[in-house]
>>> print(open('input25.txt').read())   # compact mmCIF, C-alpha atoms
# COMPACT_ATOMS: atom_id res chain seq x y z
CA MET A 1 -41.81 48.43 -43.07
CA THR A 2 -39.62 46.04 -41.19
CA THR A 3 -36.14 47.19 -40.33
CA MET A 4 -33.43 44.54 -40.33
CA THR A 5 -30.49 45.15 -38.05
CA ALA A 6 -27.30 43.30 -38.89
CA VAL A 7 -25.50 41.88 -35.93
CA PRO A 8 -21.73 42.24 -36.22
CA THR A 9 -19.94 38.94 -36.49
CA ALA A 10 -17.46 39.96 -33.82
CA LEU A 11 -20.33 40.26 -31.32
CA SER A 12 -22.11 37.06 -32.29
CA THR A 13 -19.02 34.86 -32.24
CA PRO A 14 -16.80 35.32 -29.19
CA SER A 15 -13.11 35.17 -29.94
CA PRO A 16 -11.23 32.30 -28.33
CA ARG A 17 -9.11 33.12 -25.31
CA PRO A 18 -5.39 32.97 -25.88
CA ARG A 19 -3.70 29.95 -24.34
CA LEU A 20 -0.78 30.28 -21.99
CA ARG A 21 2.49 29.87 -23.84
CA GLY A 22 5.70 28.12 -22.98
CA ALA A 23 5.95 26.62 -19.51
CA THR A 24 3.73 29.23 -17.85
CA ALA A 25 0.96 26.78 -17.01
CA GLU A 26 3.41 24.25 -15.63
CA LEU A 27 5.07 26.88 -13.43
CA VAL A 28 1.68 27.98 -12.11
CA PHE A 29 0.73 24.44 -11.12
CA ILE A 30 4.16 23.73 -9.65
CA GLY A 31 3.66 26.77 -7.41
CA ARG A 32 0.17 25.56 -6.53
CA SER A 33 1.43 22.10 -5.55
CA MET A 34 4.31 23.56 -3.53
CA ARG A 35 1.90 25.75 -1.58
CA HIS A 36 -0.25 22.71 -0.88
CA SER A 37 2.84 20.86 0.34
CA ILE A 38 3.73 23.67 2.73
CA ARG A 39 0.19 23.74 4.10
CA ASP A 40 0.15 19.95 4.42
CA GLY A 41 3.20 19.83 6.63
CA GLU A 42 2.12 16.57 8.26
CA SER A 43 2.52 14.59 5.02
CA LEU A 44 6.00 16.02 4.45
CA LEU A 45 6.95 15.34 8.07
CA MET A 46 5.77 11.73 7.85
CA ALA A 47 7.62 11.24 4.54
CA ILE A 48 10.80 12.15 6.44
CA MET A 49 10.10 10.63 9.84
CA LEU A 50 9.04 7.18 8.65
CA PRO A 51 12.29 6.44 6.74
CA VAL A 52 14.35 7.93 9.58
CA MET A 53 12.58 5.72 12.13
CA LEU A 54 13.03 2.76 9.81
CA MET A 55 16.75 3.47 9.54
CA LEU A 56 17.13 3.79 13.31
CA MET A 57 15.23 0.55 13.83
CA PHE A 58 17.34 -1.40 11.33
CA THR A 59 20.56 0.16 12.61
CA TRP A 60 20.04 -0.02 16.37
CA VAL A 61 17.55 -2.88 16.78
CA PHE A 62 18.30 -5.33 13.95
CA GLY A 63 21.74 -4.15 12.90
CA GLY A 64 23.64 -6.02 15.61
CA ALA A 65 22.03 -9.32 14.66
CA ILE A 66 22.52 -8.78 10.92
CA ASP A 67 26.11 -7.49 11.14
CA PRO A 68 27.75 -7.59 14.62
CA SER A 69 30.65 -5.45 13.35
CA GLY A 70 28.42 -2.37 13.30
CA ALA A 71 28.92 -1.75 9.58
CA TYR A 72 25.32 -2.49 8.70
CA VAL A 73 24.48 1.22 8.65
CA ASP A 74 26.70 1.63 5.58
CA TYR A 75 24.77 -1.14 3.85
CA VAL A 76 21.25 -0.07 4.77
CA VAL A 77 21.32 3.72 4.14
CA PRO A 78 21.10 3.39 0.30
CA GLY A 79 17.99 1.26 0.75
CA ILE A 80 16.52 3.79 3.18
CA ILE A 81 17.11 6.52 0.59
CA LEU A 82 14.88 4.74 -1.93
CA THR A 83 12.32 3.96 0.76
CA CYS A 84 12.22 7.66 1.62
CA ALA A 85 11.60 8.51 -2.03
CA GLY A 86 8.77 6.01 -2.15
CA PHE A 87 7.04 7.38 0.94
CA GLY A 88 7.26 10.92 -0.41
CA ALA A 89 6.06 10.06 -3.90
CA ALA A 90 3.07 8.09 -2.60
CA SER A 91 1.39 11.30 -1.45
CA THR A 92 1.18 12.41 -5.10
CA ALA A 93 -1.40 9.71 -5.79
CA VAL A 94 -3.59 11.11 -3.00
CA TYR A 95 -3.23 14.71 -4.20
CA VAL A 96 -4.16 13.80 -7.80
CA ALA A 97 -7.10 11.65 -6.71
CA ASN A 98 -8.32 14.48 -4.49
CA ASP A 99 -8.19 16.91 -7.42
CA MET A 100 -10.27 14.49 -9.47
CA ARG A 101 -12.83 14.03 -6.70
CA THR A 102 -13.31 17.70 -5.81
CA GLY A 103 -14.00 18.68 -9.42
CA ILE A 104 -11.25 21.27 -9.63
CA ILE A 105 -10.13 19.57 -12.87
CA ASP A 106 -13.43 20.68 -14.43
CA ARG A 107 -12.56 24.31 -13.76
CA PHE A 108 -9.05 23.89 -15.07
CA ARG A 109 -10.41 22.46 -18.31
CA THR A 110 -12.40 25.66 -18.94
CA MET A 111 -9.25 27.77 -18.70
CA PRO A 112 -6.86 28.55 -21.59
CA LEU A 113 -4.13 26.15 -20.48
CA ARG A 114 -2.91 22.63 -21.05
CA ALA A 115 -4.87 20.42 -18.69
CA GLY A 116 -1.94 18.01 -18.41
CA ALA A 117 0.01 20.78 -16.66
CA VAL A 118 -1.86 19.77 -13.49
CA LEU A 119 0.02 16.46 -13.42
CA THR A 120 3.31 18.16 -14.22
CA GLY A 121 2.82 20.49 -11.27
CA HIS A 122 2.19 17.59 -8.89
CA VAL A 123 5.19 15.62 -10.17
CA VAL A 124 7.75 18.43 -10.11
CA ALA A 125 6.63 19.59 -6.66
CA SER A 126 6.97 16.01 -5.41
CA LEU A 127 10.45 15.80 -6.93
CA ILE A 128 11.53 18.91 -5.01
CA ARG A 129 9.98 17.67 -1.76
CA ASN A 130 11.60 14.27 -2.05
CA LEU A 131 15.06 15.60 -2.84
CA VAL A 132 14.89 17.72 0.31
CA ALA A 133 13.64 14.76 2.35
CA THR A 134 16.39 12.54 0.91
CA ALA A 135 19.07 15.05 1.91
CA ILE A 136 17.69 15.09 5.46
CA VAL A 137 17.67 11.28 5.63
CA ILE A 138 21.29 11.12 4.44
CA GLY A 139 22.22 13.70 7.08
CA VAL A 140 20.59 11.62 9.81
CA GLY A 141 22.41 8.57 8.47
CA VAL A 142 25.74 10.38 8.88
CA LEU A 143 24.80 11.21 12.46
CA VAL A 144 24.20 7.52 13.28
CA GLY A 145 27.44 6.31 11.72
CA PHE A 146 27.03 6.27 7.93
CA ARG A 147 30.44 6.98 6.38
CA PRO A 148 30.31 7.26 2.57
CA THR A 149 33.55 7.33 0.59
CA ALA A 150 32.12 8.97 -2.54
CA THR A 151 33.89 11.75 -4.42
CA PHE A 152 32.09 14.91 -5.48
CA GLY A 153 31.44 13.48 -8.94
CA GLU A 154 30.00 10.30 -7.47
CA TRP A 155 27.69 12.35 -5.23
CA VAL A 156 26.46 14.22 -8.33
CA LEU A 157 25.85 10.96 -10.21
CA MET A 158 24.00 9.53 -7.22
CA ALA A 159 21.81 12.64 -6.95
CA ALA A 160 21.01 12.43 -10.66
CA LEU A 161 20.02 8.77 -10.38
CA ILE A 162 17.85 9.44 -7.33
CA ALA A 163 16.16 12.36 -9.12
CA LEU A 164 15.45 10.13 -12.14
CA TYR A 165 14.04 7.42 -9.87
CA ILE A 166 11.86 9.90 -7.97
CA LEU A 167 10.60 11.36 -11.26
CA ALA A 168 9.69 7.90 -12.54
CA ILE A 169 7.84 6.65 -9.48
CA THR A 170 6.12 10.01 -8.93
CA TYR A 171 4.65 9.90 -12.43
CA LEU A 172 3.60 6.33 -11.67
CA PHE A 173 1.89 7.42 -8.44
CA ALA A 174 0.22 10.30 -10.30
CA ALA A 175 -1.22 7.80 -12.79
CA ILE A 176 -2.38 5.64 -9.88
CA GLY A 177 -4.13 8.70 -8.46
CA LEU A 178 -5.99 9.12 -11.75
CA ALA A 179 -6.91 5.45 -11.92
CA ALA A 180 -8.15 5.25 -8.32
CA GLY A 181 -11.74 6.03 -7.51
CA SER A 182 -10.92 8.00 -4.35
CA PRO A 183 -7.96 9.41 -2.39
CA GLU A 184 -8.31 6.52 0.04
CA GLY A 185 -8.10 4.00 -2.79
CA ALA A 186 -5.09 5.80 -4.26
CA ASN A 187 -3.36 5.61 -0.89
CA GLY A 188 -4.04 1.87 -0.67
CA TYR A 189 -2.83 1.09 -4.18
CA GLY A 190 0.30 3.17 -3.69
CA PHE A 191 1.07 1.45 -0.41
CA VAL A 192 1.53 -1.85 -2.25
CA LEU A 193 4.46 -0.40 -4.23
CA LEU A 194 6.21 0.62 -1.03
CA PHE A 195 6.93 -3.06 -0.33
CA LEU A 196 9.25 -3.39 -3.35
CA PRO A 197 12.40 -2.28 -1.46
CA TYR A 198 11.84 -5.11 1.05
CA LEU A 199 11.98 -7.64 -1.81
CA SER A 200 15.33 -6.34 -3.06
CA SER A 201 18.90 -5.98 -1.85
CA ALA A 202 17.99 -2.77 -0.03
CA PHE A 203 18.09 -4.29 3.46
CA VAL A 204 19.75 -7.71 3.10
CA PRO A 205 21.88 -9.32 0.37
CA VAL A 206 19.93 -11.24 -2.25
CA ALA A 207 22.07 -14.33 -1.55
CA SER A 208 20.63 -14.53 1.98
CA MET A 209 17.07 -14.97 0.67
CA PRO A 210 15.36 -18.31 -0.09
CA GLY A 211 16.33 -19.76 -3.45
CA TRP A 212 12.88 -19.29 -5.00
CA LEU A 213 12.84 -15.60 -4.00
CA GLN A 214 16.31 -14.68 -5.25
CA PRO A 215 15.37 -14.37 -8.97
CA VAL A 216 12.49 -12.06 -8.03
CA ALA A 217 14.73 -9.85 -5.90
CA GLU A 218 17.54 -9.86 -8.46
CA HIS A 219 15.42 -8.88 -11.46
CA GLN A 220 13.13 -6.23 -10.06
CA PRO A 221 13.74 -2.46 -10.47
CA ILE A 222 14.89 -1.60 -6.94
CA THR A 223 17.88 -3.93 -6.76
CA PRO A 224 19.99 -2.42 -9.60
CA ILE A 225 19.12 1.10 -8.46
CA VAL A 226 20.09 0.51 -4.84
CA GLU A 227 23.24 -1.39 -5.86
CA THR A 228 24.27 1.53 -8.07
CA ILE A 229 23.73 3.99 -5.22
CA ARG A 230 25.65 1.70 -2.87
CA ALA A 231 28.54 1.44 -5.35
CA LEU A 232 28.71 5.21 -5.83
CA LEU A 233 28.61 5.96 -2.11
CA MET A 234 30.61 3.06 -0.69
CA GLY A 235 32.77 1.86 -3.59
CA THR A 236 31.28 -1.63 -3.82
CA PRO A 237 31.50 -3.56 -7.13
CA ILE A 238 29.24 -1.92 -9.67
CA GLY A 239 29.21 -4.20 -12.75
CA SER A 240 26.33 -3.55 -15.13
CA GLN A 241 23.98 -2.29 -12.41
CA PRO A 242 23.96 1.39 -13.56
CA VAL A 243 22.81 0.36 -17.05
CA TRP A 244 19.92 -1.67 -15.66
CA ALA A 245 19.08 1.05 -13.14
CA ILE A 246 18.70 3.65 -15.91
CA ILE A 247 16.78 1.23 -18.14
CA TRP A 248 14.31 0.48 -15.35
CA CYS A 249 13.83 4.17 -14.48
CA VAL A 250 13.30 5.21 -18.11
CA LEU A 251 10.94 2.28 -18.70
CA ILE A 252 8.84 3.07 -15.63
CA LEU A 253 8.78 6.77 -16.55
CA GLY A 254 7.71 6.08 -20.13
CA VAL A 255 4.93 3.69 -19.10
CA ALA A 256 3.72 6.02 -16.33
CA VAL A 257 3.62 9.10 -18.59
CA ALA A 258 1.73 7.24 -21.33
CA TRP A 259 -0.68 5.65 -18.86
CA GLY A 260 -1.25 8.95 -17.04
CA ALA A 261 -1.91 10.85 -20.27
CA TRP A 262 -4.40 8.21 -21.41
CA LEU A 263 -6.17 8.18 -18.06
CA PHE A 264 -6.34 11.97 -17.94
CA ARG A 265 -7.92 12.20 -21.40
CA ARG A 266 -10.30 9.35 -20.60
CA LYS A 267 -11.42 10.37 -17.10
CA ALA A 268 -11.04 14.14 -17.05
CA GLY A 269 -12.33 14.46 -20.58
CA ARG A 270 -15.75 13.01 -19.72
CA ARG A 271 -16.31 14.84 -16.47
>>> encode(input="input25.txt", output="structure tokens")
Amino acid sequence: MTTMTAVPTALSTPSPRPRLRGATAELVFIGRSMRHSIRDGESLLMAIMLPVMLMLMFTWVFGGAIDPSGAYVDYVVPGIILTCAGFGAASTAVYVANDMRTGIIDRFRTMPLRAGAVLTGHVVASLIRNLVATAIVIGVGVLVGFRPTATFGEWVLMAALIALYILAITYLFAAIGLAAGSPEGANGYGFVLLFLPYLSSAFVPVASMPGWLQPVAEHQPITPIVETIRALLMGTPIGSQPVWAIIWCVLILGVAVAWGAWLFRRKAGRR
């Protein structure tokens, strides 16, 4: 006689693992990215040193030729602030591309968490790093003669705009890191975006540029953002620049988030 042994359903079908709730996954990956930033001190140092050296060069080497009165430092620091944010955010593309290359994303996808939390961790950690670097750059600017006239409220508004800008371009660099085939490629693609401040009013007035270049400089994202920062810090005419600055930041952020989500599902999903 054959004896049939029933196998309990609970043993034959493993129960799914509970997923992390709330923002737990995001907090975990933010901590991971911050630890990587601390260990990669050279990248953080370069993100601070390069804008500082650029500011010193424009102030001490070119400043006398551009503005013999010595007031050029007040004009150039807002542009250096955005340049600093760009240098710092560019490293996010390399970090994301490196995660894709090493295969760590495959392990994350087997865990009970939202895979997109990896990008959130990179972006928020970059935001924190860049705000610290920006504060240091402003401090160095004060040491070399920068004299802002902003009130406390204007400082708060400026910090909020800079944070929004950093968030937008960091998400864009994260998407570039997903699109690139290697960390080296991500670094190269991101480097192209770092030229945008030079084609804006960050370092020289738009009116001083050739006629064919002025429309490009006037209607690109950096110009309204830097003019808004300059108006908040130095009291220059502000006009409609804040509206365009916010529109550009929100537009870039929306496109970058959508593009990054699509790339993550497409590339990480088939690995």
>>> closest_residue(input="input25.txt", among="A:Ala97, A:Ile48, A:Ala245, A:Val156", to="Val132 (chain A)", atoms="only C-alpha atoms")
A:Ile48
>>> residues_around(input="input25.txt", residues="region 229-242 of chain A", least_positions_apart="6", cutoff="10 Å", atoms="only C-alpha atoms", output="list in words")
Asp74, Tyr75, Val76, Val77, Pro78, Gly79, Ile81, Leu82, Phe146, Arg147, Pro148, Thr149, Ala150, Thr151, Gly153, Glu154, Trp155, Val156, Leu157, Met158, Ala159, Leu161, Ile162, Ala202, Thr223 and Trp248 of chain A
>>> residues_near_point(input="input25.txt", point="(15.0, 9.6, 9.7)", cutoff="10 Å", atoms="only C-alpha atoms", output="ChimeraX atom specification")
/A:46-57,80-81,84,133-134,136-141
>>> residues_near_point(input="input25.txt", point="(14.2, -9.4, -12.3)", cutoff="12 Å", atoms="all atoms listed in the file", output="PyMOL selection string")
chain A and resi 196+199-201+206+213-224+244-245+248
>>> atom_distance(input="input25.txt", atom1="CA of Ala174 (chain A)", atom2="CA of Thr92 (chain A)")
5.7 Å
>>> atom_distance(input="input25.txt", atom1="CA of Tyr189 (chain A)", atom2="CA of Leu127 (chain A)")
20.0 Å
>>> atom_distance(input="input25.txt", atom1="CA of Gly185 (chain A)", atom2="CA of Leu251 (chain A)")
24.9 Å
>>> residues_around(input="input25.txt", residues="region 253-265 of chain A", least_positions_apart="6", cutoff="6 Å", atoms="only C-alpha atoms", output="short mmCIF file (atom, residue, chain, number, x, y, z; two decimals) with C-alpha atoms, in the frame of the given file")
data_model
loop_
_atom_site.label_atom_id
_atom_site.label_comp_id
_atom_site.auth_asym_id
_atom_site.auth_seq_id
_atom_site.Cartn_x
_atom_site.Cartn_y
_atom_site.Cartn_z
CA ALA A 168 9.69 7.90 -12.54
CA TYR A 171 4.65 9.90 -12.43
CA LEU A 172 3.60 6.33 -11.67
CA ALA A 175 -1.22 7.80 -12.79
#
